[in-house]
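K.L.:
This one is my_file-v2.cif, mmCIF, C-alpha atoms; chains and numbers go by the auth columns.
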data_query
#
loop_
_atom_site.group_PDB
_atom_site.id
_atom_site.type_symbol
_atom_site.label_atom_id
_atom_site.label_comp_id
_atom_site.label_asym_id
_atom_site.label_seq_id
_atom_site.Cartn_x
_atom_site.Cartn_y
_atom_site.Cartn_z
_atom_site.B_iso_or_equiv
_atom_site.auth_seq_id
_atom_site.auth_asym_id
ATOM 1 C CA MET A 1 104.209 66.622 83.001 0.00 20 A
ATOM 2 C CA LYS A 2 105.978 63.723 81.355 0.00 21 A
ATOM 3 C CA ALA A 3 109.376 64.148 83.015 0.00 22 A
ATOM 4 C CA ASN A 4 110.965 61.248 84.875 0.00 23 A
ATOM 5 C CA SER A 5 114.347 62.903 85.413 0.00 24 A
ATOM 6 C CA LEU A 6 115.800 66.378 85.765 0.00 25 A
ATOM 7 C CA ARG A 7 117.054 66.124 82.179 0.00 26 A
ATOM 8 C CA ASP A 8 113.526 65.319 80.970 0.00 27 A
ATOM 9 C CA LEU A 9 112.175 68.261 82.957 0.00 28 A
ATOM 10 C CA TYR A 10 114.911 70.515 81.554 0.00 29 A
ATOM 11 C CA VAL A 11 114.001 69.553 77.974 0.00 30 A
ATOM 12 C CA GLU A 12 110.294 69.991 78.667 0.00 31 A
ATOM 13 C CA GLN A 13 110.868 73.448 80.152 0.00 32 A
ATOM 14 C CA LEU A 14 113.076 74.474 77.221 0.00 33 A
ATOM 15 C CA LYS A 15 110.332 73.443 74.792 0.00 34 A
ATOM 16 C CA ASP A 16 107.851 75.483 76.810 0.00 35 A
ATOM 17 C CA LEU A 17 110.104 78.550 76.630 0.00 36 A
ATOM 18 C CA TYR A 18 110.660 78.003 72.925 0.00 37 A
ATOM 19 C CA ASP A 19 106.932 78.150 72.297 0.00 38 A
ATOM 20 C CA ALA A 20 106.608 81.143 74.629 0.00 39 A
ATOM 21 C CA GLU A 21 109.197 83.013 72.572 0.00 40 A
ATOM 22 C CA HIS A 22 107.382 82.176 69.333 0.00 41 A
ATOM 23 C CA GLN A 23 104.085 83.388 70.760 0.00 42 A
ATOM 24 C CA LEU A 24 105.817 86.651 71.693 0.00 43 A
ATOM 25 C CA ILE A 25 107.328 86.999 68.227 0.00 44 A
ATOM 26 C CA LYS A 26 103.774 86.938 66.837 0.00 45 A
ATOM 27 C CA SER A 27 102.332 89.301 69.486 0.00 46 A
ATOM 28 C CA LEU A 28 104.991 91.976 69.941 0.00 47 A
ATOM 29 C CA PRO A 29 104.337 93.780 66.634 0.00 48 A
ATOM 30 C CA LYS A 30 100.671 94.275 67.608 0.00 49 A
ATOM 31 C CA ILE A 31 101.647 95.432 71.082 0.00 50 A
ATOM 32 C CA ALA A 32 104.180 97.900 69.666 0.00 51 A
ATOM 33 C CA GLU A 33 101.598 99.231 67.222 0.00 52 A
ATOM 34 C CA ALA A 34 99.081 99.754 70.053 0.00 53 A
ATOM 35 C CA SER A 35 101.567 101.925 71.983 0.00 54 A
ATOM 36 C CA SER A 36 101.081 105.677 71.707 0.00 55 A
ATOM 37 C CA SER A 37 104.429 106.450 73.362 0.00 56 A
ATOM 38 C CA GLU A 38 107.253 106.437 70.831 0.00 57 A
ATOM 39 C CA GLU A 39 109.714 105.353 73.529 0.00 58 A
ATOM 40 C CA LEU A 40 107.495 102.435 74.523 0.00 59 A
ATOM 41 C CA ARG A 41 106.957 101.417 70.889 0.00 60 A
ATOM 42 C CA ARG A 42 110.736 101.419 70.304 0.00 61 A
ATOM 43 C CA ALA A 43 111.266 99.318 73.446 0.00 62 A
ATOM 44 C CA PHE A 44 108.770 96.718 72.193 0.00 63 A
ATOM 45 C CA GLU A 45 110.330 96.693 68.720 0.00 64 A
ATOM 46 C CA GLU A 46 113.835 96.275 70.157 0.00 65 A
ATOM 47 C CA HIS A 47 112.619 93.483 72.408 0.00 66 A
ATOM 48 C CA LEU A 48 111.130 91.736 69.381 0.00 67 A
ATOM 49 C CA GLU A 49 114.646 91.462 67.954 0.00 68 A
ATOM 50 C CA LYS A 50 115.945 90.123 71.281 0.00 69 A
ATOM 51 C CA THR A 51 113.063 87.644 71.407 0.00 70 A
ATOM 52 C CA ARG A 52 114.083 86.247 68.025 0.00 71 A
ATOM 53 C CA GLN A 53 117.621 85.805 69.408 0.00 72 A
ATOM 54 C CA HIS A 54 116.220 84.052 72.490 0.00 73 A
ATOM 55 C CA ALA A 55 114.417 81.518 70.292 0.00 74 A
ATOM 56 C CA GLN A 56 117.615 81.002 68.263 0.00 75 A
ATOM 57 C CA ARG A 57 119.593 80.341 71.442 0.00 76 A
ATOM 58 C CA ILE A 58 117.117 77.660 72.458 0.00 77 A
ATOM 59 C CA GLU A 59 117.476 76.119 68.991 0.00 78 A
ATOM 60 C CA GLN A 60 121.253 76.179 69.490 0.00 79 A
ATOM 61 C CA ILE A 61 120.879 74.394 72.840 0.00 80 A
ATOM 62 C CA PHE A 62 118.712 71.702 71.259 0.00 81 A
ATOM 63 C CA GLU A 63 121.209 71.280 68.409 0.00 82 A
ATOM 64 C CA GLY A 64 123.915 70.758 71.027 0.00 83 A
ATOM 65 C CA MET A 65 121.795 67.990 72.569 0.00 84 A
ATOM 66 C CA GLY A 66 121.143 66.451 69.147 0.00 85 A
ATOM 67 C CA GLN A 67 117.427 67.168 69.454 0.00 86 A
ATOM 68 C CA SER A 68 114.802 69.285 67.795 0.00 87 A
ATOM 69 C CA PRO A 69 112.939 71.961 69.751 0.00 88 A
ATOM 70 C CA LYS A 70 109.528 70.620 68.827 0.00 89 A
ATOM 71 C CA GLU A 71 107.128 73.184 70.086 0.00 90 A
ATOM 72 C CA GLN A 72 104.755 72.306 72.849 0.00 91 A
ATOM 73 C CA LYS A 73 102.082 74.828 73.716 0.00 92 A
ATOM 74 C CA CYS A 74 103.091 77.188 76.518 0.00 93 A
ATOM 75 C CA LYS A 75 99.729 77.722 78.197 0.00 94 A
ATOM 76 C CA GLY A 76 101.159 80.216 80.683 0.00 95 A
ATOM 77 C CA MET A 77 102.340 82.572 77.944 0.00 96 A
ATOM 78 C CA GLU A 78 99.135 81.996 76.021 0.00 97 A
ATOM 79 C CA GLY A 79 97.131 83.217 79.029 0.00 98 A
ATOM 80 C CA LEU A 80 99.369 86.219 79.625 0.00 99 A
ATOM 81 C CA LEU A 81 99.152 87.261 75.983 0.00 100 A
ATOM 82 C CA LYS A 82 95.391 86.744 75.905 0.00 101 A
ATOM 83 C CA GLU A 83 95.053 89.186 78.810 0.00 102 A
ATOM 84 C CA GLY A 84 97.443 91.586 77.113 0.00 103 A
ATOM 85 C CA ASN A 85 95.492 91.461 73.860 0.00 104 A
ATOM 86 C CA GLU A 86 92.457 92.798 75.718 0.00 105 A
ATOM 87 C CA THR A 87 94.477 95.942 76.451 0.00 106 A
ATOM 88 C CA VAL A 88 95.736 96.101 72.853 0.00 107 A
ATOM 89 C CA LYS A 89 92.141 96.068 71.546 0.00 108 A
ATOM 90 C CA GLU A 90 90.920 98.743 73.996 0.00 109 A
ATOM 91 C CA ASP A 91 90.133 101.940 72.111 0.00 110 A
ATOM 92 C CA ASN A 92 88.013 103.957 74.509 0.00 111 A
ATOM 93 C CA ILE A 93 90.611 104.784 77.149 0.00 112 A
ATOM 94 C CA ASP A 94 93.171 107.526 77.663 0.00 113 A
ATOM 95 C CA LYS A 95 96.331 106.848 75.627 0.00 114 A
ATOM 96 C CA ASP A 96 98.577 107.097 78.699 0.00 115 A
ATOM 97 C CA VAL A 97 96.347 104.722 80.654 0.00 116 A
ATOM 98 C CA LYS A 98 96.472 102.273 77.730 0.00 117 A
ATOM 99 C CA ASP A 99 100.267 102.527 77.593 0.00 118 A
ATOM 100 C CA ALA A 100 100.435 101.959 81.364 0.00 119 A
ATOM 101 C CA GLY A 101 98.297 98.847 80.870 0.00 120 A
ATOM 102 C CA LEU A 102 100.509 97.607 78.042 0.00 121 A
ATOM 103 C CA ILE A 103 103.534 98.001 80.303 0.00 122 A
ATOM 104 C CA ALA A 104 101.830 96.143 83.155 0.00 123 A
ATOM 105 C CA ASN A 105 100.996 93.267 80.815 0.00 124 A
ATOM 106 C CA ALA A 106 104.493 93.240 79.330 0.00 125 A
ATOM 107 C CA GLN A 107 106.102 93.159 82.755 0.00 126 A
ATOM 108 C CA ARG A 108 104.004 90.127 83.701 0.00 127 A
ATOM 109 C CA VAL A 109 105.395 88.457 80.578 0.00 128 A
ATOM 110 C CA GLU A 110 108.954 89.475 81.488 0.00 129 A
ATOM 111 C CA HIS A 111 108.596 88.128 85.024 0.00 130 A
ATOM 112 C CA TYR A 112 107.251 84.849 83.646 0.00 131 A
ATOM 113 C CA GLU A 113 110.235 84.588 81.325 0.00 132 A
ATOM 114 C CA ILE A 114 112.692 85.549 84.076 0.00 133 A
ATOM 115 C CA ALA A 115 111.319 82.711 86.210 0.00 134 A
ATOM 116 C CA GLY A 116 111.492 80.261 83.319 0.00 135 A
ATOM 117 C CA TYR A 117 115.000 81.162 82.206 0.00 136 A
ATOM 118 C CA GLY A 118 116.302 81.206 85.766 0.00 137 A
ATOM 119 C CA THR A 119 114.945 77.706 86.263 0.00 138 A
ATOM 120 C CA VAL A 120 116.363 76.178 83.075 0.00 139 A
ATOM 121 C CA ARG A 121 119.702 77.914 83.604 0.00 140 A
ATOM 122 C CA THR A 122 119.892 76.256 87.043 0.00 141 A
ATOM 123 C CA TYR A 123 118.960 72.879 85.536 0.00 142 A
ATOM 124 C CA ALA A 124 121.637 73.313 82.856 0.00 143 A
ATOM 125 C CA ASN A 125 124.237 74.032 85.535 0.00 144 A
ATOM 126 C CA LEU A 126 123.199 70.981 87.553 0.00 145 A
ATOM 127 C CA LEU A 127 123.311 68.791 84.450 0.00 146 A
ATOM 128 C CA GLY A 128 126.786 70.008 83.499 0.00 147 A
ATOM 129 C CA GLU A 129 125.513 71.782 80.383 0.00 148 A
ATOM 130 C CA GLU A 130 127.930 74.714 80.659 0.00 149 A
ATOM 131 C CA GLU A 131 127.442 76.151 77.169 0.00 150 A
ATOM 132 C CA ALA A 132 123.656 75.975 77.508 0.00 151 A
ATOM 133 C CA ALA A 133 123.849 77.527 80.982 0.00 152 A
ATOM 134 C CA SER A 134 125.861 80.399 79.541 0.00 153 A
ATOM 135 C CA LEU A 135 123.359 80.990 76.722 0.00 154 A
ATOM 136 C CA LEU A 136 120.455 80.823 79.150 0.00 155 A
ATOM 137 C CA GLN A 137 122.197 83.248 81.523 0.00 156 A
ATOM 138 C CA GLN A 138 122.636 85.683 78.638 0.00 157 A
ATOM 139 C CA THR A 139 118.918 85.476 77.853 0.00 158 A
ATOM 140 C CA LEU A 140 118.029 85.816 81.533 0.00 159 A
ATOM 141 C CA GLU A 141 120.052 89.031 81.748 0.00 160 A
ATOM 142 C CA GLU A 142 118.358 90.401 78.630 0.00 161 A
ATOM 143 C CA GLU A 143 114.923 89.631 80.085 0.00 162 A
ATOM 144 C CA LYS A 144 115.888 91.468 83.275 0.00 163 A
ATOM 145 C CA GLU A 145 117.107 94.425 81.197 0.00 164 A
ATOM 146 C CA ALA A 146 113.803 94.489 79.303 0.00 165 A
ATOM 147 C CA ASP A 147 111.909 94.506 82.595 0.00 166 A
ATOM 148 C CA GLN A 148 114.052 97.409 83.856 0.00 167 A
ATOM 149 C CA THR A 149 113.490 99.321 80.619 0.00 168 A
ATOM 150 C CA LEU A 150 109.739 98.900 81.044 0.00 169 A
ATOM 151 C CA THR A 151 109.994 100.070 84.656 0.00 170 A
ATOM 152 C CA ASP A 152 111.909 103.172 83.577 0.00 171 A
ATOM 153 C CA ILE A 153 109.345 103.999 80.891 0.00 172 A
ATOM 154 C CA ALA A 154 106.469 103.291 83.293 0.00 173 A
ATOM 155 C CA GLU A 155 107.770 105.808 85.793 0.00 174 A
ATOM 156 C CA GLN A 156 106.914 108.578 83.315 0.00 175 A
ATOM 157 C CA ILE A 157 103.846 107.064 81.643 0.00 176 A
ATOM 158 C CA ASN A 158 102.181 106.129 84.940 0.00 177 A
ATOM 159 C CA VAL A 159 102.572 109.727 86.134 0.00 178 A
ATOM 160 C CA GLU A 160 101.060 110.999 82.883 0.00 179 A
ATOM 161 C CA ALA A 161 98.178 108.523 83.217 0.00 180 A
ATOM 162 C CA ALA A 162 97.559 109.639 86.793 0.00 181 A
ATOM 163 C CA GLU A 163 97.697 113.322 85.852 0.00 182 A
ATOM 164 C CA GLY A 164 95.253 112.774 83.008 0.00 183 A
ATOM 165 C CA LYS A 165 92.767 111.180 85.384 0.00 184 A
ATOM 166 C CA ALA A 166 93.371 113.899 87.984 0.00 185 A
ATOM 167 C CA GLU A 167 92.653 116.610 85.400 0.00 186 A
ATOM 168 C CA GLU A 168 89.570 114.700 84.255 0.00 187 A
ATOM 169 C CA GLY A 169 88.350 114.377 87.834 0.00 188 A
ATOM 170 C CA ALA A 170 88.939 118.073 88.565 0.00 189 A
ATOM 171 C CA ALA A 171 87.001 119.061 85.432 0.00 190 A
ATOM 172 C CA ARG A 172 84.132 116.738 86.408 0.00 191 A
ATOM 173 C CA ARG A 173 84.029 118.134 89.966 0.00 192 A
ATOM 174 C CA SER A 174 84.035 121.663 88.559 0.00 193 A
ATOM 175 C CA ARG A 175 81.102 120.891 86.234 0.00 194 A
ATOM 176 C CA THR A 176 79.172 119.241 89.072 0.00 195 A
ATOM 177 C CA ALA A 177 79.791 122.180 91.414 0.00 196 A
ATOM 178 C CA THR A 178 78.639 124.639 88.722 0.00 197 A
ATOM 179 C CA ARG A 179 75.370 122.724 88.251 0.00 198 A
ATOM 180 C CA ARG A 180 74.695 122.604 91.996 0.00 199 A
ATOM 181 C CA LYS A 181 75.052 126.347 92.618 0.00 200 A
ATOM 182 C CA PRO A 182 71.681 127.871 93.427 0.00 201 A
ATOM 183 C CA ALA A 183 70.467 130.613 91.163 0.00 202 A
ATOM 184 C CA ALA A 184 70.966 134.072 92.671 0.00 203 A
#
Any chance you could give the structure as structure tokens?

P.N.:
Amino acid sequence: MKANSLRDLYVEQLKDLYDAEHQLIKSLPKIAEASSSEELRRAFEEHLEKTRQHAQRIEQIFEGMGQSPKEQKCKGMEGLLKEGNETVKEDNIDKDVKDAGLIANAQRVEHYEIAGYGTVRTYANLLGEEEAASLLQQTLEEEKEADQTLTDIAEQINVEAAEGKAEEGAARRSRTATRRKPAA
């Protein structure tokens, strides 16, 4: 951390979020494509559009400060997306279980962003950056909405994933019981 003042920290955190948004812009199409649920795929595609707007808002904030949003690597988002890409690449699992995993990964990303945007919005307020605070609040609300959308979708997909495993387990128990029966 190179910050010596709250303003420096604010700028550093904005740059971090800017890179995080750009990493998401690159990853969301692959995540959407890996989804078997049409509803989940649409949610990821819609959030891609919002993510582009989030990056543009950060650019607008930097323009207002007379600065450029030079990207610095957001290692937190990089790690979250690396974990998520493992789920994207998984081919030998039930489609509902994979979708449930994609949602879990996406919600970790949303919570990371919610924390980041809440922090910089607070810094903007403290620094008297009212326009920036308003833009950041708008993004924060959209991140919370995305998280809620994922929760709503998960409530169905998680049930389907659990039922698939329950049916699988019942079939396995039935096969095992059939093999164990003594010959008459």

K.L.:
Got a sec to resolve the PyMOL selection byres ((chain A and resi 50) around 12) on this structure and send the residues as a PyMOL selection string?

P.N.:
chain A and resi 43-49+51-56+59-64+66-67+100-109+117-118+120-122+124-125

K.L.:
Name the residues that the PyMOL selection byres ((chain A and resi 150-158) around 10) pulls out of this structure, and write them as a compact mmCIF listing (two decimals) with C-alpha atoms, in the frame of the given file.

P.N.:
# COMPACT_ATOMS: atom_id res chain seq x y z
CA LEU A 33 113.08 74.47 77.22
CA LYS A 69 115.94 90.12 71.28
CA THR A 70 113.06 87.64 71.41
CA GLN A 72 117.62 85.80 69.41
CA HIS A 73 116.22 84.05 72.49
CA ALA A 74 114.42 81.52 70.29
CA ARG A 76 119.59 80.34 71.44
CA ILE A 77 117.12 77.66 72.46
CA GLN A 79 121.25 76.18 69.49
CA ILE A 80 120.88 74.39 72.84
CA PHE A 81 118.71 71.70 71.26
CA GLY A 83 123.92 70.76 71.03
CA MET A 84 121.80 67.99 72.57
CA GLU A 132 110.24 84.59 81.32
CA ILE A 133 112.69 85.55 84.08
CA GLY A 135 111.49 80.26 83.32
CA TYR A 136 115.00 81.16 82.21
CA GLY A 137 116.30 81.21 85.77
CA THR A 138 114.94 77.71 86.26
CA VAL A 139 116.36 76.18 83.08
CA ARG A 140 119.70 77.91 83.60
CA THR A 141 119.89 76.26 87.04
CA TYR A 142 118.96 72.88 85.54
CA ALA A 143 121.64 73.31 82.86
CA ASN A 144 124.24 74.03 85.54
CA LEU A 145 123.20 70.98 87.55
CA LEU A 146 123.31 68.79 84.45
CA GLY A 147 126.79 70.01 83.50
CA GLU A 148 125.51 71.78 80.38
CA GLU A 149 127.93 74.71 80.66
CA LEU A 159 118.03 85.82 81.53
CA GLU A 160 120.05 89.03 81.75
CA GLU A 161 118.36 90.40 78.63
CA GLU A 162 114.92 89.63 80.08
CA LYS A 163 115.89 91.47 83.28
CA GLU A 164 117.11 94.42 81.20

K.L.:
To test the calculation: enclose all listed atoms of region 24-33 of chain A in a box whose edges run along x, y and z, add 5 Å on each side, then state centre and edge lengths in Å to one decimal, as JSON.

P.N.:
{"center_x": 113.7, "center_y": 68.7, "center_z": 81.5, "size_x": 16.8, "size_y": 21.6, "size_z": 18.5}

K.L.:
Have a look at CA of Gln126 (chain A) and CA of Met96 (chain A) and let me know their distance in Å, one decimal.

P.N.:
12.2 Å

K.L.:
Nearest to Ala173 (chain A): which of A:Asp115, A:Glu31, A:Glu78, A:Asp38 is it, counting all atoms listed in the file?

P.N.:
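Going through A:Asp115, A:Glu31, A:Glu78, A:Asp38 one by one, the smallest distance to Ala173 (chain A) is for A:Asp115.
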
K.L.:
Just save region 24-49 of chain A with N, CA and C atoms, as a compact mmCIF listing (two decimals), in the first residue's frame.

P.N.:
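And here is the file that came out, part06.txt:
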# COMPACT_ATOMS: atom_id res chain seq x y z
N SER A 24 -2.54 9.18 2.69
CA SER A 24 -3.70 9.95 3.12
C SER A 24 -4.95 9.18 2.71
N LEU A 25 -6.09 9.60 3.23
CA LEU A 25 -7.34 8.95 2.85
C LEU A 25 -7.60 9.13 1.36
N ARG A 26 -7.25 10.27 0.82
CA ARG A 26 -7.43 10.51 -0.62
C ARG A 26 -6.57 9.52 -1.43
N ASP A 27 -5.33 9.33 -1.00
CA ASP A 27 -4.46 8.36 -1.69
C ASP A 27 -5.07 6.96 -1.63
N LEU A 28 -5.57 6.60 -0.45
CA LEU A 28 -6.18 5.28 -0.27
C LEU A 28 -7.43 5.15 -1.15
N TYR A 29 -8.22 6.19 -1.20
CA TYR A 29 -9.42 6.23 -2.04
C TYR A 29 -9.06 5.98 -3.50
N VAL A 30 -8.06 6.67 -4.00
CA VAL A 30 -7.63 6.52 -5.39
C VAL A 30 -7.10 5.10 -5.63
N GLU A 31 -6.32 4.61 -4.70
CA GLU A 31 -5.78 3.25 -4.82
C GLU A 31 -6.90 2.21 -4.87
N GLN A 32 -7.89 2.38 -4.01
CA GLN A 32 -9.01 1.44 -3.97
C GLN A 32 -9.86 1.53 -5.24
N LEU A 33 -10.04 2.74 -5.76
CA LEU A 33 -10.77 2.89 -7.02
C LEU A 33 -10.04 2.19 -8.17
N LYS A 34 -8.72 2.32 -8.21
CA LYS A 34 -7.95 1.64 -9.25
C LYS A 34 -8.09 0.13 -9.13
N ASP A 35 -8.10 -0.35 -7.91
CA ASP A 35 -8.27 -1.78 -7.65
C ASP A 35 -9.63 -2.25 -8.17
N LEU A 36 -10.68 -1.49 -7.87
CA LEU A 36 -12.02 -1.84 -8.36
C LEU A 36 -12.11 -1.75 -9.88
N TYR A 37 -11.42 -0.80 -10.44
CA TYR A 37 -11.43 -0.64 -11.90
C TYR A 37 -10.85 -1.89 -12.56
N ASP A 38 -9.74 -2.37 -12.03
CA ASP A 38 -9.16 -3.59 -12.57
C ASP A 38 -10.08 -4.79 -12.31
N ALA A 39 -10.67 -4.84 -11.14
CA ALA A 39 -11.60 -5.93 -10.82
C ALA A 39 -12.72 -5.98 -11.84
N GLU A 40 -13.28 -4.84 -12.17
CA GLU A 40 -14.36 -4.79 -13.16
C GLU A 40 -13.88 -5.27 -14.53
N HIS A 41 -12.67 -4.89 -14.91
CA HIS A 41 -12.15 -5.33 -16.21
C HIS A 41 -11.88 -6.84 -16.22
N GLN A 42 -11.43 -7.37 -15.12
CA GLN A 42 -11.25 -8.83 -15.05
C GLN A 42 -12.60 -9.53 -15.21
N LEU A 43 -13.63 -8.97 -14.58
CA LEU A 43 -14.98 -9.55 -14.70
C LEU A 43 -15.51 -9.46 -16.13
N ILE A 44 -15.25 -8.34 -16.78
CA ILE A 44 -15.71 -8.17 -18.16
C ILE A 44 -15.13 -9.29 -19.04
N LYS A 45 -13.90 -9.68 -18.78
CA LYS A 45 -13.28 -10.77 -19.55
C LYS A 45 -13.83 -12.14 -19.15
N SER A 46 -14.18 -12.32 -17.88
CA SER A 46 -14.58 -13.64 -17.37
C SER A 46 -16.06 -13.95 -17.51
N LEU A 47 -16.91 -12.96 -17.40
CA LEU A 47 -18.36 -13.22 -17.38
C LEU A 47 -18.88 -13.95 -18.62
N PRO A 48 -18.40 -13.67 -19.82
CA PRO A 48 -18.90 -14.44 -20.97
C PRO A 48 -18.64 -15.95 -20.83
N LYS A 49 -17.48 -16.32 -20.32
CA LYS A 49 -17.16 -17.74 -20.13
C LYS A 49 -18.04 -18.36 -19.04
